[in-house]
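J.: My structure is in final_15.txt, and what it holds is compact mmCIF, C-alpha atoms:
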```txt
# COMPACT_ATOMS: atom_id res chain seq x y z
CA MET A 27 -37.82 -4.06 -33.62
CA LEU A 28 -39.75 -1.04 -32.33
CA ARG A 29 -43.49 -1.36 -32.25
CA SER A 30 -46.31 1.01 -33.14
CA THR A 31 -46.15 4.45 -31.60
CA VAL A 32 -49.90 4.43 -30.90
CA THR A 33 -51.78 2.38 -28.34
CA PRO A 34 -55.44 2.49 -29.40
CA MET A 35 -56.88 1.36 -26.06
CA ARG A 36 -55.17 1.03 -22.71
CA ARG A 37 -55.85 -2.23 -20.92
CA ALA A 38 -57.54 -2.21 -17.52
CA PHE A 39 -55.19 -2.39 -14.58
CA SER A 40 -55.81 -4.62 -11.58
CA SER A 41 -57.65 -2.99 -8.67
CA ALA A 42 -55.60 -0.49 -6.71
CA ALA A 43 -57.20 -1.64 -3.44
CA LYS A 44 -54.43 -3.07 -1.25
CA LYS A 45 -52.23 -4.44 -4.00
CA ASN A 46 -49.15 -6.48 -3.27
CA ILE A 47 -46.01 -5.29 -5.04
CA VAL A 48 -43.55 -8.01 -6.02
CA VAL A 49 -39.99 -8.22 -7.27
CA VAL A 50 -40.19 -10.68 -10.14
CA ASP A 51 -36.54 -10.62 -11.18
CA GLY A 52 -33.51 -8.43 -11.61
CA ILE A 53 -30.15 -8.36 -13.34
CA ARG A 54 -27.09 -6.22 -13.71
CA LEU A 55 -24.14 -5.94 -16.00
CA PRO A 56 -20.82 -6.78 -14.32
CA PHE A 57 -19.80 -3.71 -12.36
CA ALA A 58 -16.37 -2.54 -13.49
CA MET A 59 -13.73 -0.01 -12.53
CA GLN A 60 -13.89 3.16 -14.60
CA SER A 61 -12.05 3.25 -17.94
CA THR A 62 -11.82 -0.53 -18.21
CA ILE A 63 -14.27 -2.82 -20.01
CA TYR A 64 -16.89 -0.12 -20.69
CA LYS A 65 -14.51 2.71 -21.57
CA ASP A 66 -15.87 3.06 -25.12
CA LEU A 67 -19.55 3.04 -24.17
CA LEU A 68 -21.99 5.75 -23.13
CA ALA A 69 -24.23 5.40 -20.10
CA VAL A 70 -27.23 4.97 -22.40
CA ASP A 71 -25.50 1.96 -23.99
CA LEU A 72 -25.03 0.31 -20.60
CA GLN A 73 -28.64 0.90 -19.58
CA ARG A 74 -29.89 -0.38 -22.93
CA HIS A 75 -27.91 -3.60 -22.52
CA ALA A 76 -29.26 -4.05 -18.99
CA LEU A 77 -32.87 -3.59 -20.09
CA LYS A 78 -32.43 -6.03 -22.97
CA ALA A 79 -30.81 -8.58 -20.66
CA LEU A 80 -33.74 -8.36 -18.24
CA LEU A 81 -36.27 -8.86 -21.03
CA THR A 82 -34.31 -11.80 -22.38
CA LYS A 83 -33.95 -13.48 -18.99
CA THR A 84 -37.62 -13.08 -18.06
CA ALA A 85 -38.99 -13.69 -21.58
CA LEU A 86 -41.32 -10.75 -20.97
CA ASP A 87 -43.21 -9.43 -23.98
CA PRO A 88 -42.08 -5.76 -24.15
CA ALA A 89 -45.57 -4.77 -25.29
CA LEU A 90 -46.90 -5.65 -21.82
CA ILE A 91 -44.71 -3.09 -20.04
CA ASP A 92 -46.63 -0.12 -18.69
CA TYR A 93 -43.74 2.13 -17.72
CA VAL A 94 -39.94 2.36 -17.58
CA LEU A 95 -38.00 4.21 -14.87
CA CYS A 96 -34.24 4.63 -14.64
CA GLY A 97 -31.96 6.41 -12.20
CA THR A 98 -28.69 8.16 -12.96
CA VAL A 99 -26.57 10.90 -11.39
CA ILE A 100 -23.99 12.31 -13.79
CA GLN A 101 -26.18 13.11 -16.77
CA GLU A 102 -25.13 13.42 -20.38
CA THR A 103 -27.20 16.29 -21.82
CA LYS A 104 -27.81 14.42 -25.08
CA THR A 105 -29.55 11.65 -23.17
CA SER A 106 -30.96 13.56 -20.20
CA ASN A 107 -34.01 11.28 -20.18
CA ILE A 108 -31.85 8.19 -20.33
CA ALA A 109 -34.78 5.92 -19.47
CA ARG A 110 -36.52 6.88 -22.70
CA GLU A 111 -33.47 6.56 -24.92
CA ALA A 112 -32.41 3.23 -23.41
CA SER A 113 -35.91 1.72 -23.48
CA MET A 114 -36.37 2.56 -27.15
CA GLY A 115 -32.93 1.12 -27.90
CA ALA A 116 -33.82 -2.05 -26.01
CA GLY A 117 -36.83 -2.69 -28.23
CA ILE A 118 -39.52 -1.56 -25.80
CA PRO A 119 -42.42 -0.11 -27.80
CA LEU A 120 -42.39 3.62 -28.51
CA SER A 121 -45.84 3.81 -26.89
CA VAL A 122 -44.44 2.88 -23.45
CA PRO A 123 -43.69 6.05 -21.46
CA SER A 124 -40.56 6.45 -19.37
CA HIS A 125 -38.75 8.97 -17.25
CA THR A 126 -35.45 9.38 -15.44
CA VAL A 127 -34.95 10.08 -11.75
CA THR A 128 -31.94 11.25 -9.78
CA GLN A 129 -31.29 11.20 -6.05
CA ALA A 130 -27.54 10.62 -5.82
CA CYS A 131 -26.58 7.10 -4.74
CA ILE A 132 -30.18 5.98 -4.23
CA SER A 133 -31.40 6.91 -7.71
CA SER A 134 -32.44 3.39 -8.77
CA SER A 135 -34.02 2.93 -5.32
CA VAL A 136 -36.21 5.90 -6.23
CA ALA A 137 -36.96 4.29 -9.60
CA ILE A 138 -38.06 1.03 -7.97
CA CYS A 139 -40.16 2.70 -5.29
CA THR A 140 -41.75 5.00 -7.86
CA ALA A 141 -42.64 1.86 -9.79
CA ALA A 142 -44.28 0.46 -6.67
CA GLU A 143 -46.19 3.69 -6.13
CA LYS A 144 -47.45 3.65 -9.73
CA ILE A 145 -48.75 0.13 -9.22
CA LEU A 146 -50.38 1.03 -5.90
CA ALA A 147 -52.02 4.03 -7.56
CA GLY A 148 -53.55 1.84 -10.25
CA GLN A 149 -51.47 3.47 -12.98
CA ALA A 150 -49.48 0.36 -13.92
CA ASP A 151 -49.11 -3.37 -13.37
CA ILE A 152 -45.72 -3.98 -14.96
CA VAL A 153 -42.81 -1.57 -14.54
CA VAL A 154 -39.17 -1.98 -15.46
CA ALA A 155 -36.96 0.03 -13.11
CA GLY A 156 -33.20 0.30 -13.03
CA GLY A 157 -30.25 2.62 -13.15
CA VAL A 158 -26.88 3.33 -14.68
CA GLU A 159 -23.65 5.25 -14.22
CA THR A 160 -20.43 5.65 -16.12
CA PHE A 161 -17.29 7.39 -14.97
CA SER A 162 -15.50 6.52 -18.20
CA ASP A 163 -17.24 9.32 -20.09
CA VAL A 164 -18.34 12.21 -17.87
CA PRO A 165 -19.49 15.60 -19.19
CA ILE A 166 -16.44 17.88 -18.95
CA ARG A 167 -17.34 21.52 -19.67
CA PHE A 168 -15.70 24.80 -20.42
CA SER A 169 -15.49 27.21 -17.48
CA ARG A 170 -18.49 29.45 -16.85
CA LYS A 171 -16.69 32.50 -18.27
CA VAL A 172 -15.87 30.68 -21.50
CA ARG A 173 -19.40 29.34 -21.77
CA GLN A 174 -20.78 32.87 -21.47
CA LYS A 175 -18.40 34.07 -24.18
CA LEU A 176 -19.41 31.25 -26.52
CA ILE A 177 -23.10 31.93 -25.97
CA GLY A 178 -22.52 35.57 -26.86
CA ALA A 179 -20.25 34.73 -29.82
CA PRO A 180 -22.87 34.92 -32.62
CA LYS A 181 -23.79 38.47 -31.64
CA ALA A 182 -20.17 39.53 -31.18
CA MET A 183 -19.06 38.09 -34.52
CA LYS A 184 -21.51 40.37 -36.33
CA LYS A 185 -19.23 43.27 -35.36
CA GLY A 186 -16.34 41.86 -37.37
CA PRO A 187 -12.74 41.37 -36.14
CA ALA A 188 -13.21 43.81 -33.27
CA GLY A 189 -16.17 41.81 -32.04
CA ALA A 190 -14.22 38.58 -32.27
CA LEU A 191 -11.37 40.04 -30.25
CA SER A 192 -13.81 41.27 -27.62
CA LEU A 193 -14.60 37.65 -26.80
CA LEU A 194 -11.12 37.28 -25.32
CA LYS A 195 -11.51 40.27 -23.01
CA GLY A 196 -11.52 39.31 -19.34
CA LEU A 197 -10.37 35.73 -19.88
CA GLY A 198 -7.39 34.37 -17.98
CA LEU A 199 -5.49 31.12 -18.34
CA LYS A 200 -7.43 29.58 -15.45
CA ASP A 201 -10.67 30.23 -17.34
CA LEU A 202 -9.46 27.97 -20.15
CA ALA A 203 -9.10 24.98 -17.85
CA PRO A 204 -11.88 22.36 -18.31
CA GLU A 205 -14.39 21.68 -15.53
CA ALA A 206 -15.08 18.07 -14.53
CA PRO A 207 -18.24 17.20 -12.54
CA ALA A 208 -17.84 18.34 -8.94
CA ILE A 209 -17.13 15.71 -6.30
CA ALA A 210 -17.89 18.05 -3.40
CA ASN A 211 -21.41 18.63 -2.14
CA TYR A 212 -22.80 21.86 -3.61
CA THR A 213 -24.24 23.21 -0.35
CA THR A 214 -21.60 22.12 2.16
CA GLY A 215 -18.61 22.31 -0.18
CA GLU A 216 -17.33 19.14 1.44
CA VAL A 217 -16.20 15.91 -0.21
CA MET A 218 -18.13 12.85 0.95
CA GLY A 219 -15.00 11.08 2.16
CA VAL A 220 -14.27 13.94 4.54
CA SER A 221 -17.83 13.80 5.90
CA SER A 222 -17.54 10.05 6.42
CA ASP A 223 -14.18 10.44 8.16
CA ARG A 224 -15.71 12.92 10.60
CA LEU A 225 -18.81 10.74 11.13
CA SER A 226 -16.55 7.80 11.95
CA GLN A 227 -14.81 9.84 14.64
CA LYS A 228 -18.17 10.79 16.13
CA PHE A 229 -19.30 7.17 16.40
CA GLY A 230 -15.95 5.76 17.48
CA VAL A 231 -15.07 3.73 14.40
CA SER A 232 -11.35 3.00 14.16
CA ARG A 233 -9.19 2.66 11.05
CA GLU A 234 -8.54 -0.96 12.06
CA GLU A 235 -12.26 -1.74 12.08
CA MET A 236 -12.69 -0.12 8.67
CA ASP A 237 -9.86 -2.11 7.12
CA HIS A 238 -11.10 -5.41 8.54
CA PHE A 239 -14.58 -4.61 7.20
CA THR A 240 -13.06 -3.85 3.77
CA VAL A 241 -11.22 -7.17 3.64
CA ARG A 242 -14.46 -8.91 4.61
CA SER A 243 -16.36 -7.25 1.75
CA HIS A 244 -13.83 -8.30 -0.88
CA THR A 245 -13.53 -11.81 0.57
CA ASN A 246 -17.32 -12.29 0.52
CA ALA A 247 -17.59 -10.97 -3.04
CA GLY A 248 -14.70 -13.10 -4.26
CA LYS A 249 -16.20 -16.21 -2.68
CA ALA A 250 -19.64 -15.50 -4.13
CA HIS A 251 -18.20 -15.23 -7.63
CA GLU A 252 -16.00 -18.27 -7.15
CA GLU A 253 -19.07 -20.27 -6.14
CA LYS A 254 -20.95 -18.81 -9.12
CA TRP A 255 -23.59 -17.38 -6.81
CA TYR A 256 -24.02 -14.38 -9.07
CA ASP A 257 -24.72 -16.46 -12.17
CA GLY A 258 -28.15 -15.39 -13.41
CA GLU A 259 -27.96 -12.04 -11.63
CA VAL A 260 -24.82 -10.71 -13.30
CA MET A 261 -25.24 -10.98 -17.06
CA PRO A 262 -22.05 -11.92 -18.94
CA TRP A 263 -20.23 -9.15 -20.78
CA ASN A 264 -18.17 -10.51 -23.67
CA GLY A 265 -18.64 -13.94 -22.14
CA SER A 266 -17.50 -13.02 -18.63
CA THR A 267 -19.23 -12.15 -15.35
CA GLU A 268 -15.99 -11.00 -13.72
CA GLU A 269 -16.27 -7.82 -11.65
CA ASN A 270 -12.79 -6.36 -11.79
CA GLY A 271 -12.99 -4.23 -8.66
CA ILE A 272 -12.90 -7.27 -6.38
CA LYS A 273 -9.42 -7.45 -4.85
CA VAL A 274 -9.22 -10.19 -2.22
CA SER A 275 -6.42 -9.10 0.10
CA THR A 276 -5.28 -9.14 3.71
CA TYR A 277 -5.64 -6.72 6.57
CA GLU A 278 -1.87 -6.28 6.66
CA LYS A 279 -1.77 -5.01 3.09
CA VAL A 280 -4.86 -2.83 3.33
CA SER A 281 -3.70 -1.20 6.55
CA LYS A 282 -0.55 0.14 4.88
CA LEU A 283 -2.43 2.53 2.58
CA ASN A 284 -2.26 6.26 3.21
CA PRO A 285 -5.34 8.43 3.94
CA ALA A 286 -7.10 9.63 0.79
CA PHE A 287 -9.21 12.52 2.12
CA VAL A 288 -8.09 13.89 5.50
CA LYS A 289 -4.30 14.01 5.36
CA PRO A 290 -2.13 12.94 7.06
CA TYR A 291 -4.17 11.55 9.95
CA GLY A 292 -7.46 10.53 8.36
CA THR A 293 -8.87 7.02 8.42
CA HIS A 294 -10.39 6.74 4.93
CA THR A 295 -8.22 5.27 2.18
CA ALA A 296 -8.62 4.15 -1.42
CA ALA A 297 -9.29 0.63 -0.13
CA ASN A 298 -11.93 1.32 2.51
CA SER A 299 -13.79 3.73 0.19
CA SER A 300 -15.89 2.59 -2.77
CA PHE A 301 -14.21 3.12 -6.14
CA LEU A 302 -15.47 4.91 -9.27
CA THR A 303 -17.53 2.33 -11.12
CA ASP A 304 -19.27 1.82 -14.45
CA GLY A 305 -22.39 -0.35 -14.53
CA ALA A 306 -26.11 -0.72 -15.06
CA SER A 307 -28.95 -2.70 -13.51
CA ALA A 308 -32.62 -3.42 -14.05
CA SER A 309 -35.49 -4.84 -11.98
CA LEU A 310 -38.88 -6.19 -13.00
CA ILE A 311 -41.58 -4.92 -10.63
CA MET A 312 -45.19 -6.06 -10.88
CA SER A 313 -48.45 -6.30 -9.04
CA GLU A 314 -48.73 -9.79 -7.55
CA GLU A 315 -51.95 -10.36 -9.46
CA LYS A 316 -50.35 -9.61 -12.82
CA ALA A 317 -47.21 -11.64 -12.07
CA LEU A 318 -49.25 -14.74 -11.26
CA GLU A 319 -51.51 -14.18 -14.25
CA LEU A 320 -48.44 -14.23 -16.50
CA GLY A 321 -47.04 -17.35 -14.84
CA TYR A 322 -44.12 -15.75 -12.97
CA LYS A 323 -42.82 -16.86 -9.59
CA PRO A 324 -41.93 -13.67 -7.72
CA MET A 325 -38.90 -13.54 -5.44
CA ALA A 326 -40.10 -11.04 -2.84
CA TYR A 327 -42.78 -8.60 -1.77
CA ILE A 328 -41.81 -4.95 -1.38
CA ARG A 329 -43.49 -4.33 1.97
CA ASP A 330 -42.33 -0.88 3.00
CA TRP A 331 -39.91 1.85 1.98
CA ALA A 332 -38.79 5.24 3.17
CA PHE A 333 -36.76 8.17 1.91
CA VAL A 334 -35.31 10.37 4.62
CA ALA A 335 -33.21 13.50 4.99
CA CYS A 336 -30.82 14.63 7.72
CA ASP A 337 -28.30 17.40 8.37
CA PRO A 338 -25.77 17.30 5.48
CA PHE A 339 -23.24 19.31 7.48
CA GLU A 340 -23.00 16.89 10.40
CA GLU A 341 -24.82 13.70 9.37
CA LEU A 342 -24.39 13.55 5.60
CA LEU A 343 -24.22 9.72 5.43
CA LEU A 344 -26.42 8.78 8.39
CA GLY A 345 -29.58 8.30 6.30
CA PRO A 346 -29.61 4.48 6.69
CA THR A 347 -30.16 4.81 10.44
CA TYR A 348 -33.14 7.13 10.05
CA GLY A 349 -34.55 5.12 7.16
CA ALA A 350 -34.21 1.79 8.95
CA LYS A 351 -36.03 3.15 12.00
CA LYS A 352 -38.86 4.49 9.88
CA CYS A 353 -39.39 1.18 8.04
CA LEU A 354 -39.07 -1.03 11.11
CA ASP A 355 -41.52 1.13 13.04
CA ALA A 356 -44.00 1.11 10.16
CA MET A 357 -43.86 -2.69 9.96
CA ASN A 358 -43.79 -3.16 13.76
CA LEU A 359 -40.58 -5.16 13.41
CA ASP A 360 -37.24 -5.06 15.17
CA MET A 361 -33.76 -6.11 14.09
CA LYS A 362 -34.24 -9.67 15.38
CA ASP A 363 -36.96 -10.15 12.76
CA ILE A 364 -34.56 -9.38 9.90
CA GLY A 365 -32.79 -12.35 8.32
CA VAL A 366 -31.10 -10.58 5.40
CA PHE A 367 -29.33 -7.22 5.49
CA GLU A 368 -28.11 -5.46 2.34
CA ILE A 369 -26.55 -2.13 3.30
CA HIS A 370 -24.77 0.07 0.78
CA GLU A 371 -21.05 0.42 1.46
CA ALA A 372 -20.08 3.91 0.32
CA PHE A 373 -17.24 3.82 2.86
CA ALA A 374 -16.41 1.22 5.48
CA GLY A 375 -16.52 4.00 8.07
CA GLN A 376 -19.96 5.12 6.92
CA VAL A 377 -21.44 1.62 7.25
CA LEU A 378 -19.90 0.99 10.67
CA SER A 379 -20.95 4.45 11.90
CA ASN A 380 -24.54 3.67 10.97
CA LEU A 381 -24.38 0.29 12.70
CA ASN A 382 -23.09 2.01 15.84
CA ALA A 383 -25.77 4.71 15.63
CA MET A 384 -28.51 2.10 15.22
CA ASN A 385 -27.29 0.23 18.28
CA SER A 386 -26.74 3.32 20.45
CA ASP A 387 -29.06 4.07 23.38
CA LYS A 388 -27.38 7.46 23.70
CA PHE A 389 -28.06 8.38 20.06
CA ALA A 390 -31.67 7.27 20.40
CA GLU A 391 -32.08 9.40 23.52
CA GLU A 392 -30.56 12.43 21.77
CA LYS A 393 -33.10 12.04 18.97
CA GLY A 394 -36.02 11.62 21.36
CA TRP A 395 -36.71 8.04 20.31
CA SER A 396 -38.28 5.61 22.77
CA LYS A 397 -35.64 2.99 21.97
CA LYS A 398 -32.59 2.42 19.78
CA VAL A 399 -33.06 1.06 16.28
CA GLY A 400 -31.25 -2.14 17.19
CA GLU A 401 -28.19 -4.23 16.53
CA VAL A 402 -27.49 -5.51 13.01
CA ASP A 403 -26.37 -9.13 12.90
CA GLN A 404 -23.30 -8.75 10.70
CA THR A 405 -23.23 -12.46 9.92
CA LYS A 406 -26.39 -11.77 7.88
CA MET A 407 -25.19 -8.53 6.28
CA ASN A 408 -23.70 -8.18 2.79
CA THR A 409 -22.68 -11.83 2.77
CA LYS A 410 -22.11 -11.76 -1.01
CA GLY A 411 -19.99 -8.61 -0.95
CA GLY A 412 -20.99 -4.97 -1.14
CA SER A 413 -20.19 -1.69 -2.81
CA LEU A 414 -16.62 -1.61 -1.47
CA SER A 415 -15.81 -4.73 -3.49
CA LEU A 416 -18.45 -5.11 -6.19
CA GLY A 417 -18.38 -1.41 -7.03
CA HIS A 418 -20.83 1.45 -6.86
CA PRO A 419 -22.20 2.90 -10.10
CA PHE A 420 -24.21 5.65 -8.42
CA GLY A 421 -27.42 5.19 -10.38
CA ALA A 422 -27.39 1.38 -10.38
CA THR A 423 -26.68 0.30 -6.79
CA GLY A 424 -30.27 0.45 -5.48
CA SER A 425 -31.47 -2.11 -8.02
CA ARG A 426 -28.52 -4.35 -7.13
CA LEU A 427 -29.51 -4.27 -3.47
CA VAL A 428 -33.10 -5.27 -4.28
CA THR A 429 -32.12 -8.15 -6.57
CA THR A 430 -29.44 -9.57 -4.26
CA ALA A 431 -31.66 -9.30 -1.18
CA SER A 432 -34.57 -10.97 -2.99
CA ARG A 433 -32.40 -13.85 -4.14
CA ARG A 434 -30.90 -14.28 -0.68
CA LEU A 435 -34.37 -14.44 0.87
CA GLN A 436 -35.26 -17.29 -1.44
CA GLN A 437 -32.03 -19.23 -1.03
CA GLU A 438 -31.60 -18.68 2.70
CA GLN A 439 -35.33 -19.05 3.41
CA GLU A 440 -35.41 -15.99 5.65
CA ARG A 441 -38.63 -14.02 6.01
CA PHE A 442 -37.61 -10.33 5.93
CA ALA A 443 -34.77 -8.33 4.38
CA LEU A 444 -33.75 -4.80 5.32
CA LEU A 445 -32.12 -2.64 2.65
CA ALA A 446 -30.48 0.67 3.47
CA ALA A 447 -28.34 3.23 1.66
CA CYS A 448 -26.95 6.70 2.20
CA ALA A 449 -26.84 9.41 -0.44
CA ASP A 450 -25.20 12.78 -0.94
CA GLY A 451 -27.06 15.77 0.40
CA GLY A 452 -27.91 14.07 3.70
CA LEU A 453 -30.43 11.77 2.03
CA GLY A 454 -31.08 8.13 2.74
CA HIS A 455 -33.28 5.19 1.85
CA ALA A 456 -34.46 2.00 3.49
CA ALA A 457 -36.86 -0.73 2.45
CA ILE A 458 -38.20 -3.99 3.78
CA LEU A 459 -38.73 -6.99 1.54
CA GLU A 460 -40.59 -10.16 2.49
CA ARG A 461 -39.82 -13.54 0.97
CA TYR A 462 -42.38 -14.73 -1.54
CA ASP A 463 -43.36 -18.31 -0.74
CA ASN A 464 -43.11 -20.32 -3.93
```
Could you render the structure from this file as structure tokens?
T.:
Amino acid sequence: MLRSTVTPMRRAFSSAAKKNIVVVDGIRLPFAMQSTIYKDLLAVDLQRHALKALLTKTALDPALIDYVLCGTVIQETKTSNIAREASMGAGIPLSVPSHTVTQACISSSVAICTAAEKILAGQADIVVAGGVETFSDVPIRFSRKVRQKLIGAPKAMKKGPAGALSLLKGLGLKDLAPEAPAIANYTTGEVMGVSSDRLSQKFGVSREEMDHFTVRSHTNAGKAHEEKWYDGEVMPWNGSTEENGIKVSTYEKVSKLNPAFVKPYGTHTAANSSFLTDGASASLIMSEEKALELGYKPMAYIRDWAFVACDPFEELLLGPTYGAKKCLDAMNLDMKDIGVFEIHEAFAGQVLSNLNAMNSDKFAEEKGWSKKVGEVDQTKMNTKGGSLSLGHPFGATGSRLVTTASRRLQQEQERFALLAACADGGLGHAAILERYDN
């Protein structure tokens, strides 16, 4: 039930002086291949369900929430501020403000870090942040020429039959074809898979390495679900937590697939590239003071974060390397200090290229760095699966990374986690979490 639309007096927030930001909890709906279990739902429906599931799991009084932030990429114009529509639908009071952010594949990372910044600024103590994407119902438009004709139709129709006929002037058959959302970058005109294929060549990543990495991702995800590791993080949908993109296979089978982007000699296939995914996630972010006051046991501190940009023509997906360096330098840490790695798997080649770049003295020298970023211990990376297997709803992945990393810190009793993700446009994100000692 929605509450009063008026808040007579805003409560005092905890002091903004050196606050600790904590991850209290997080959930997601089962990620699913497009046009499967969520094919009849809108993105706003998925986000609403995720927000409600988070509130139910944490038993948080919605009236205590100060702000709601959600990330998404492919926006439905009717719900352009999807955070607002979903929060109202989830029973969060009408008096709680909300806004939507978009930064390609790191959109919910932006939502979470914006939540942290609001808390640090003394503007909030309790923020719900998440994200959503659906590929089962994307906005498909008329061509630009047809749109212009339709916009001018009311004026033309006033001129009678001649005016109506004038609307057809200049239109060809190709103009009547519908326009789906573009998959190529607007500025470079290049599809992300092509960029990743080229990046992999630059950093010496072979097709064999990509396919082995892909099999590893699906095997880890399948094992995690089999052992019910995701129970409590993945909320059941119609009684099931199954994530239907997980396909445990063998290298022999995966290696037989044909290239999907650069044909006929490319290295990126349908298997070693993340698939189109529907899903939603949500995270509960608080000041440490408020979390303890309310009796919560946080999972992790958010210690540092960075958003970076690089050359989209040559380094479109290399953001994780730049972001990781920025966060590690800020915290005076190196790779040996990191016990948990959660790195977004847009493509197997993209992940492995970043790992090679991080561990390259030559790359560090080219960039004028005093030392390389360091070697990632892959035995500690994406041990419960990643985007190649679990799926990648663009707007929801960042929240998944935070929740999974926080839970792993607690269960594996490691001190620090490094999160990293690439994004279209040559953007990237990294963050460092620290285990909360309960």
J.: Please list as a list in words every residue within 9 Å of region 294-300 of chain A, counting only C-alpha atoms and excluding residues in the same chain fewer than 6 positions away.
T.: Gly219, Val220, Ser222, Asp223, Arg233, Met236, Asp237, Phe239, Thr240, Val241, Val280, Ser281, Leu283, Asn284, Pro285, Ala286, Phe287, Val288, Glu371, Ala372, Phe373, Ala374, Gly375, Ser413, Leu414, Ser415, Leu416, Gly417 and His418 of chain A
J.: Take the residues from that selection and write them out as a tab-separated table (two decimals), keeping the file's coordinate frame, keeping C-alpha atoms.
T.:
```
chain	number	residue	atom	x	y	z
A	219	GLY	CA	-15.00	11.08	2.16
A	220	VAL	CA	-14.27	13.94	4.54
A	222	SER	CA	-17.54	10.05	6.42
A	223	ASP	CA	-14.18	10.44	8.16
A	233	ARG	CA	-9.19	2.66	11.05
A	236	MET	CA	-12.69	-0.12	8.67
A	237	ASP	CA	-9.86	-2.11	7.12
A	239	PHE	CA	-14.58	-4.61	7.20
A	240	THR	CA	-13.06	-3.85	3.77
A	241	VAL	CA	-11.22	-7.17	3.64
A	280	VAL	CA	-4.86	-2.83	3.33
A	281	SER	CA	-3.70	-1.20	6.55
A	283	LEU	CA	-2.43	2.53	2.58
A	284	ASN	CA	-2.26	6.26	3.21
A	285	PRO	CA	-5.34	8.43	3.94
A	286	ALA	CA	-7.10	9.63	0.79
A	287	PHE	CA	-9.21	12.52	2.12
A	288	VAL	CA	-8.09	13.89	5.50
A	371	GLU	CA	-21.05	0.42	1.46
A	372	ALA	CA	-20.08	3.91	0.32
A	373	PHE	CA	-17.24	3.82	2.86
A	374	ALA	CA	-16.41	1.22	5.48
A	375	GLY	CA	-16.52	4.00	8.07
A	413	SER	CA	-20.19	-1.69	-2.81
A	414	LEU	CA	-16.62	-1.61	-1.47
A	415	SER	CA	-15.81	-4.73	-3.49
A	416	LEU	CA	-18.45	-5.11	-6.19
A	417	GLY	CA	-18.38	-1.41	-7.03
A	418	HIS	CA	-20.83	1.45	-6.86
```
J.: CA of Ala190 (chain A) to CA of Lys175 (chain A): how many Å, to one decimal?
T.: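 CA of Lys175 (chain A) lies at a distance of 10.2 Å from CA of Ala190 (chain A).
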J.: Out of A:Ser309, A:Ser232, A:Ser379, A:Thr267, which residue has the shortest atom-to-atom distance to Thr429 (chain A) when counting only C-alpha atoms?
T.: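 Under the stated criterion, the closest residue is A:Ser309.
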J.: Can I get the residues of region 384-441 of chain A within 10 Å of region 348-357 of chain A, each with the closest pair of atoms and their distance in Å to one decimal, using all atoms listed in the file, sorted chain first then ascending number, as a tab-separated table?
T.:
```
residue	atom	partner	partner_atom	distance
A:Met384	CA	A:Lys351	CA	8.2
A:Trp395	CA	A:Lys351	CA	9.7
A:Lys397	CA	A:Lys351	CA	10.0
A:Lys398	CA	A:Lys351	CA	8.5
A:Val399	CA	A:Lys351	CA	5.6
A:Gly400	CA	A:Lys351	CA	8.8
```
J.: Between A:Asp163, A:Asp201, A:Asp151, A:Asp87, which residue has the minimum interatomic distance to Gln101 (chain A), considering all atoms listed in the file?
T.: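 When distances to Gln101 (chain A) are compared using all atoms listed in the file, the smallest one comes from A:Asp163.
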J.: I'd like the interatomic distance between CA of Ala447 (chain A) and CA of Ala422 (chain A), to a tenth of an Å.
T.: 12.2 Å
J.: Select all residues near (-26.9, 3.3, -13.3) (cut-off 12 Å, inclusive, file coordinates), counting all atoms listed in the file, and output them as an MDAnalysis selection string.
T.: chainID A and resid 54:57 68:77 95:101 108:109 112 126:137 155:161 303:309 417:426
J.: Go through A:Ser113, A:Asn464, A:Gln174, A:Thr214 one by one, measure the shortest atom-to-atom distance of each to Gln436 (chain A) using all atoms listed in the file, and give the residue with the smallest value.
T.: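 Between A:Ser113, A:Asn464, A:Gln174, A:Thr214, the residue approaching Gln436 (chain A) most closely is A:Asn464.
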J.: So that I can check the surroundings of Asp450 (chain A), please list as an mmCIF file with C-alpha atoms, in the coordinates of the input every protein, DNA and RNA residue that reaches within 8 Å of it, counting all atoms listed in the file and ignoring chain neighbours fewer than 6 positions away.
T.:
```
data_model
loop_
_atom_site.group_PDB
_atom_site.id
_atom_site.type_symbol
_atom_site.label_atom_id
_atom_site.label_comp_id
_atom_site.auth_asym_id
_atom_site.auth_seq_id
_atom_site.Cartn_x
_atom_site.Cartn_y
_atom_site.Cartn_z
ATOM 1 C CA ALA A 130 -27.540 10.620 -5.820
ATOM 2 C CA CYS A 131 -26.580 7.100 -4.740
ATOM 3 C CA ASN A 211 -21.410 18.630 -2.140
ATOM 4 C CA MET A 218 -18.130 12.850 0.950
ATOM 5 C CA PRO A 338 -25.770 17.300 5.480
ATOM 6 C CA LEU A 342 -24.390 13.550 5.600
ATOM 7 C CA LEU A 343 -24.220 9.720 5.430
#
```
J.: Taking into account all atoms listed in the file, which residue in the set A:Gly148, A:Phe442, A:Lys362, A:Val260 is nearest to Asp92 (chain A)?
T.: A:Gly148
J.: Using only C-alpha atoms, can you tell me which of A:Lys316, A:Lys249, A:Lys279, A:Lys200 comes closest to Ile91 (chain A)?
T.: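 Ranked by minimum distance to Ile91 (chain A), first place goes to A:Lys316.
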J.: Quote the spacing between CA of Leu378 (chain A) and CA of Val231 (chain A) in Å to one decimal place.
T.: 6.7 Å
J.: Is there a way to get, as a ChimeraX atom specification, all residues within 10 Å of the point (-15.1, -10.7, 2.9) in file coordinates, counting only C-alpha atoms?
T.: /A:238-250,274-276,408-412,415
